[in-house]
Amino acid sequence: MRPDLFQAPDYYLLDDLLTEEHKLIRDTARAWVKKEVSPVIEDFAQRAEFPKHLVPGLAEIGGFGPYIPTEYGGAGLDQISYGLIMQEIERGDSGIRSTSSVQSSLVMYPIWKYGNEDQRNKYLPKLASGEFIGCFGLTEPDYGSNPGGMITNFKDMGDHYLLNGAKMWISNAPFADIAVVWAKNEEGRIHGLIVERGMEGFSTPETHNKWSLRASATGELIFDNVKVPKENLLPNKSGLGAPLGCLDSARYGIAWGAIGAAMDCYDTALRYSQERVQFDKPIGATQLQQKKLAEMITEITKAQLLTWRLGVLRNEGRATTAQISMAKRNNVAMALDIARDARQMLGGMGITGEYSIMRHMMNLESVVTYEGTHDIHLLITGMDVTGFPAFK
């Protein structure tokens, strides 16, 4: 593994828009990634193994629920701080960011927003510290972009609920201590339930043979007559809007995270272009390579401005679902384009584990699909500007 010499691009001096606290939080996460993630991530990705030893460090840098109030174990930070942490973690690896953002936005967020005080006090401090790892069960084998069609269901058995069904493509599932699961009641209304590992009939088989997010653990959630205590139902919101509200938070984090992956690919390609000599001069002195680098830094800068403004709107409670969709779709597509161009600039070396680019490229092929595909986010924007839903 080459030493991590990453230098973050800031072409439009966007640091001037950040507070000193923002920069301290970001720089702390960046230093942790350089010290703890970069030296090991290629090996874990090659072995398709999640580096569980990183969990305490993720907690220490605020990677678990940074915007959760301090009374529940969170750091009580704002949305820009959350985004900056996601950016730095994904600069290291999308799979590690997935663990962080699932824990934050898809597990802690619904318990905080939709749960009661007993649930908050029971679960949130342990999730914030990394003592508990959680996962989020929405996607099913036959219902991905159309989650409202889910067939996972629960019945009221008097003193408990009986849960049946299955979820798939679930990050953190193989080792999660709890799962926030979305299922329909007998009237067809969607509710969230907290399912704990060890409940009879609950299993989490791991998904193998992935070419993407290889350092992230992915699995299924299987519910075979699982008895869920009634106190594990999230009481304060139901309907499809409940899980979609969680996805808004997660997609916002992805919009920032994708910038981190793009910045790492750009920085690697820039450094390589200054060192690699062909035809008696560095390849960075040629027009075609300068074109690639100029377009990379332009797109990164545009994405930085987009997410910073979105963060301001999130802090003010004014960001819409459609605005978040635009940022998620734009930034992930941007990062994929940059990863592909950067890989070409490195030639054959670009496919090796000596550099991070090919790993980022493969990871981003998952990121462009999960939590709303590229096409679905396009249709969300289309519906928002025209008023016509084109999903059916």
# chains A, B, ... in the order shown; residues from 1 in each chain; ligands from 1
$ residues_around --residues "Ala128 of chain A" --least-positions-apart "2" --cutoff "12 Å" --atoms "only C-alpha atoms" --output "MDAnalysis selection string"
chainID A and resid 55:76 100:101 103:105 107:109 112 120:126 130:134
$ select_by_dssp --residues "segment 137-298 of chain A" --states "strand (DSSP E)" --output "mmCIF file with N, CA and C atoms, in the first residue's frame"
data_model
loop_
_atom_site.group_PDB
_atom_site.id
_atom_site.type_symbol
_atom_site.label_atom_id
_atom_site.label_comp_id
_atom_site.auth_asym_id
_atom_site.auth_seq_id
_atom_site.Cartn_x
_atom_site.Cartn_y
_atom_site.Cartn_z
ATOM 1 N N GLY A 137 -33.992 -2.454 7.336
ATOM 2 C CA GLY A 137 -34.631 -3.412 6.452
ATOM 3 C C GLY A 137 -35.807 -2.830 5.704
ATOM 4 N N ASN A 153 -44.630 -8.563 6.671
ATOM 5 C CA ASN A 153 -45.817 -8.162 7.418
ATOM 6 C C ASN A 153 -45.751 -8.624 8.868
ATOM 7 N N PHE A 154 -46.580 -8.014 9.686
ATOM 8 C CA PHE A 154 -46.680 -8.452 11.081
ATOM 9 C C PHE A 154 -48.144 -8.464 11.508
ATOM 10 N N LYS A 155 -48.448 -9.382 12.416
ATOM 11 C CA LYS A 155 -49.805 -9.530 12.938
ATOM 12 C C LYS A 155 -49.811 -9.307 14.439
ATOM 13 N N ASP A 156 -50.896 -8.741 14.918
ATOM 14 C CA ASP A 156 -51.072 -8.496 16.351
ATOM 15 C C ASP A 156 -51.558 -9.785 17.004
ATOM 16 N N HIS A 160 -47.834 -9.618 21.691
ATOM 17 C CA HIS A 160 -46.655 -9.399 20.856
ATOM 18 C C HIS A 160 -47.094 -9.331 19.395
ATOM 19 N N TYR A 161 -46.150 -8.966 18.529
ATOM 20 C CA TYR A 161 -46.380 -9.005 17.086
ATOM 21 C C TYR A 161 -45.662 -10.210 16.503
ATOM 22 N N LEU A 162 -46.237 -10.791 15.443
ATOM 23 C CA LEU A 162 -45.604 -11.910 14.756
ATOM 24 C C LEU A 162 -45.176 -11.410 13.375
ATOM 25 N N LEU A 163 -43.850 -11.409 13.145
ATOM 26 C CA LEU A 163 -43.251 -10.819 11.941
ATOM 27 C C LEU A 163 -42.807 -11.900 10.980
ATOM 28 N N ASN A 164 -43.185 -11.743 9.703
ATOM 29 C CA ASN A 164 -42.778 -12.681 8.659
ATOM 30 C C ASN A 164 -42.366 -11.922 7.404
ATOM 31 N N GLY A 165 -41.377 -12.454 6.687
ATOM 32 C CA GLY A 165 -40.938 -11.848 5.439
ATOM 33 C C GLY A 165 -39.437 -11.906 5.288
ATOM 34 N N ALA A 166 -38.922 -11.125 4.339
ATOM 35 C CA ALA A 166 -37.482 -11.132 4.071
ATOM 36 C C ALA A 166 -37.072 -9.800 3.453
ATOM 37 N N LYS A 167 -35.864 -9.365 3.776
ATOM 38 C CA LYS A 167 -35.248 -8.167 3.199
ATOM 39 C C LYS A 167 -33.901 -8.569 2.612
ATOM 40 N N MET A 168 -33.448 -7.832 1.613
ATOM 41 C CA MET A 168 -32.144 -8.174 1.029
ATOM 42 C C MET A 168 -31.368 -6.908 0.677
ATOM 43 N N TRP A 169 -30.063 -7.105 0.376
ATOM 44 C CA TRP A 169 -29.114 -6.017 0.126
ATOM 45 C C TRP A 169 -29.013 -5.106 1.344
ATOM 46 N N ILE A 170 -28.851 -5.715 2.509
ATOM 47 C CA ILE A 170 -28.870 -4.962 3.765
ATOM 48 C C ILE A 170 -27.446 -4.796 4.297
ATOM 49 N N SER A 171 -26.939 -3.554 4.267
ATOM 50 C CA SER A 171 -25.607 -3.278 4.830
ATOM 51 C C SER A 171 -25.623 -3.517 6.331
ATOM 52 N N ILE A 178 -29.114 -4.944 16.075
ATOM 53 C CA ILE A 178 -30.529 -4.644 15.911
ATOM 54 C C ILE A 178 -30.807 -4.295 14.459
ATOM 55 N N ALA A 179 -32.062 -4.440 14.077
ATOM 56 C CA ALA A 179 -32.505 -4.057 12.733
ATOM 57 C C ALA A 179 -33.774 -3.230 12.863
ATOM 58 N N VAL A 180 -33.789 -2.073 12.199
ATOM 59 C CA VAL A 180 -35.027 -1.309 12.071
ATOM 60 C C VAL A 180 -35.707 -1.813 10.799
ATOM 61 N N VAL A 181 -36.815 -2.510 10.985
ATOM 62 C CA VAL A 181 -37.471 -3.240 9.902
ATOM 63 C C VAL A 181 -38.814 -2.591 9.582
ATOM 64 N N TRP A 182 -39.073 -2.437 8.300
ATOM 65 C CA TRP A 182 -40.328 -1.842 7.846
ATOM 66 C C TRP A 182 -41.224 -2.944 7.300
ATOM 67 N N ALA A 183 -42.440 -3.006 7.844
ATOM 68 C CA ALA A 183 -43.363 -4.088 7.505
ATOM 69 C C ALA A 183 -44.798 -3.567 7.568
ATOM 70 N N LYS A 184 -45.699 -4.281 6.899
ATOM 71 C CA LYS A 184 -47.101 -3.895 6.874
ATOM 72 C C LYS A 184 -47.889 -4.597 7.968
ATOM 73 N N ILE A 190 -47.656 0.647 6.716
ATOM 74 C CA ILE A 190 -46.243 0.371 6.978
ATOM 75 C C ILE A 190 -45.833 0.964 8.319
ATOM 76 N N HIS A 191 -45.165 0.159 9.119
ATOM 77 C CA HIS A 191 -44.644 0.580 10.422
ATOM 78 C C HIS A 191 -43.194 0.117 10.561
ATOM 79 N N GLY A 192 -42.476 0.756 11.449
ATOM 80 C CA GLY A 192 -41.117 0.344 11.786
ATOM 81 C C GLY A 192 -41.088 -0.429 13.081
ATOM 82 N N LEU A 193 -40.330 -1.514 13.087
ATOM 83 C CA LEU A 193 -40.153 -2.316 14.288
ATOM 84 C C LEU A 193 -38.665 -2.525 14.541
ATOM 85 N N ILE A 194 -38.275 -2.554 15.792
ATOM 86 C CA ILE A 194 -36.890 -2.835 16.168
ATOM 87 C C ILE A 194 -36.776 -4.327 16.473
ATOM 88 N N VAL A 195 -36.015 -5.019 15.649
ATOM 89 C CA VAL A 195 -35.811 -6.456 15.807
ATOM 90 C C VAL A 195 -34.398 -6.675 16.326
ATOM 91 N N GLU A 196 -34.269 -7.461 17.365
ATOM 92 C CA GLU A 196 -32.974 -7.682 18.002
ATOM 93 C C GLU A 196 -32.417 -9.049 17.638
ATOM 94 N N PHE A 202 -35.258 -15.152 13.589
ATOM 95 C CA PHE A 202 -34.588 -14.044 12.908
ATOM 96 C C PHE A 202 -33.178 -14.468 12.523
ATOM 97 N N SER A 203 -32.853 -14.424 11.215
ATOM 98 C CA SER A 203 -31.521 -14.806 10.739
ATOM 99 C C SER A 203 -31.026 -13.791 9.728
ATOM 100 N N THR A 218 -22.666 -7.228 3.685
ATOM 101 C CA THR A 218 -24.018 -7.151 3.145
ATOM 102 C C THR A 218 -24.723 -8.476 3.390
ATOM 103 N N GLY A 219 -26.014 -8.419 3.657
ATOM 104 C CA GLY A 219 -26.718 -9.668 3.899
ATOM 105 C C GLY A 219 -28.217 -9.536 3.714
ATOM 106 N N GLU A 220 -28.912 -10.571 4.137
ATOM 107 C CA GLU A 220 -30.371 -10.601 4.114
ATOM 108 C C GLU A 220 -30.893 -10.543 5.545
ATOM 109 N N LEU A 221 -32.164 -10.228 5.669
ATOM 110 C CA LEU A 221 -32.877 -10.337 6.938
ATOM 111 C C LEU A 221 -34.044 -11.279 6.708
ATOM 112 N N ILE A 222 -34.072 -12.378 7.430
ATOM 113 C CA ILE A 222 -35.122 -13.380 7.277
ATOM 114 C C ILE A 222 -35.946 -13.416 8.565
ATOM 115 N N PHE A 223 -37.275 -13.312 8.412
ATOM 116 C CA PHE A 223 -38.174 -13.329 9.567
ATOM 117 C C PHE A 223 -39.153 -14.489 9.408
ATOM 118 N N ASP A 224 -39.007 -15.466 10.263
ATOM 119 C CA ASP A 224 -39.850 -16.664 10.226
ATOM 120 C C ASP A 224 -40.602 -16.757 11.544
ATOM 121 N N ASN A 225 -41.789 -16.162 11.570
ATOM 122 C CA ASN A 225 -42.607 -16.123 12.786
ATOM 123 C C ASN A 225 -41.827 -15.553 13.973
ATOM 124 N N VAL A 226 -41.235 -14.398 13.757
ATOM 125 C CA VAL A 226 -40.453 -13.743 14.807
ATOM 126 C C VAL A 226 -41.403 -13.013 15.760
ATOM 127 N N LYS A 227 -41.287 -13.309 17.037
ATOM 128 C CA LYS A 227 -42.096 -12.638 18.050
ATOM 129 C C LYS A 227 -41.403 -11.333 18.450
ATOM 130 N N VAL A 228 -42.024 -10.212 18.107
ATOM 131 C CA VAL A 228 -41.463 -8.895 18.397
ATOM 132 C C VAL A 228 -42.284 -8.254 19.512
ATOM 133 N N PRO A 229 -41.653 -7.884 20.619
ATOM 134 C CA PRO A 229 -42.415 -7.232 21.699
ATOM 135 C C PRO A 229 -43.116 -5.972 21.201
ATOM 136 N N VAL A 277 6.345 9.824 -16.498
ATOM 137 C CA VAL A 277 6.971 10.426 -17.678
ATOM 138 C C VAL A 277 6.787 9.510 -18.887
ATOM 139 N N GLN A 278 6.267 10.078 -19.955
ATOM 140 C CA GLN A 278 6.180 9.391 -21.242
ATOM 141 C C GLN A 278 6.555 10.394 -22.336
ATOM 142 N N LYS A 281 8.388 13.660 -21.096
ATOM 143 C CA LYS A 281 7.798 14.694 -20.239
ATOM 144 C C LYS A 281 6.682 14.072 -19.390
ATOM 145 N N PRO A 282 6.374 14.696 -18.250
ATOM 146 C CA PRO A 282 5.266 14.178 -17.428
ATOM 147 C C PRO A 282 3.962 14.178 -18.225
#
$ select_by_dssp --residues "segment 146-264 of chain A" --states "alpha helix (DSSP H)" --output "MDAnalysis selection string"
chainID A and resid 241:264
$ write_last_selection --atoms "C-alpha atoms" --output "compact mmCIF listing (two decimals), in the first residue's frame"
# COMPACT_ATOMS: atom_id res chain seq x y z
CA GLY A 241 -43.10 8.45 4.42
CA ALA A 242 -41.44 7.13 7.56
CA PRO A 243 -38.68 5.06 5.91
CA LEU A 244 -38.40 7.62 3.10
CA GLY A 245 -37.64 10.27 5.70
CA CYS A 246 -34.72 8.14 6.86
CA LEU A 247 -33.54 7.80 3.27
CA ASP A 248 -33.54 11.59 2.90
CA SER A 249 -30.96 11.78 5.66
CA ALA A 250 -28.93 8.90 4.24
CA ARG A 251 -28.99 10.27 0.68
CA TYR A 252 -27.82 13.62 1.96
CA GLY A 253 -24.82 11.88 3.54
CA ILE A 254 -24.13 10.02 0.30
CA ALA A 255 -24.09 13.31 -1.63
CA TRP A 256 -21.21 14.43 0.58
CA GLY A 257 -19.55 11.03 0.67
CA ALA A 258 -19.35 10.71 -3.11
CA ILE A 259 -17.33 13.93 -3.19
CA GLY A 260 -14.77 12.25 -0.94
CA ALA A 261 -14.37 9.34 -3.36
CA ALA A 262 -14.09 11.76 -6.29
CA MET A 263 -11.49 13.87 -4.48
CA ASP A 264 -9.38 10.82 -3.76
$ closest_residue --among "A:Ile351, A:Ile380, A:Ile297, A:Leu310" --to "Asp10 of chain A" --atoms "only C-alpha atoms"
A:Ile297
$ residues_around --residues "Ala335 of chain A" --least-positions-apart "4" --cutoff "12 Å" --atoms "only C-alpha atoms" --output "ChimeraX atom specification"
/A:87,90-91,94,254-266,295-304,327-331,339-342,357,360-365,367-368
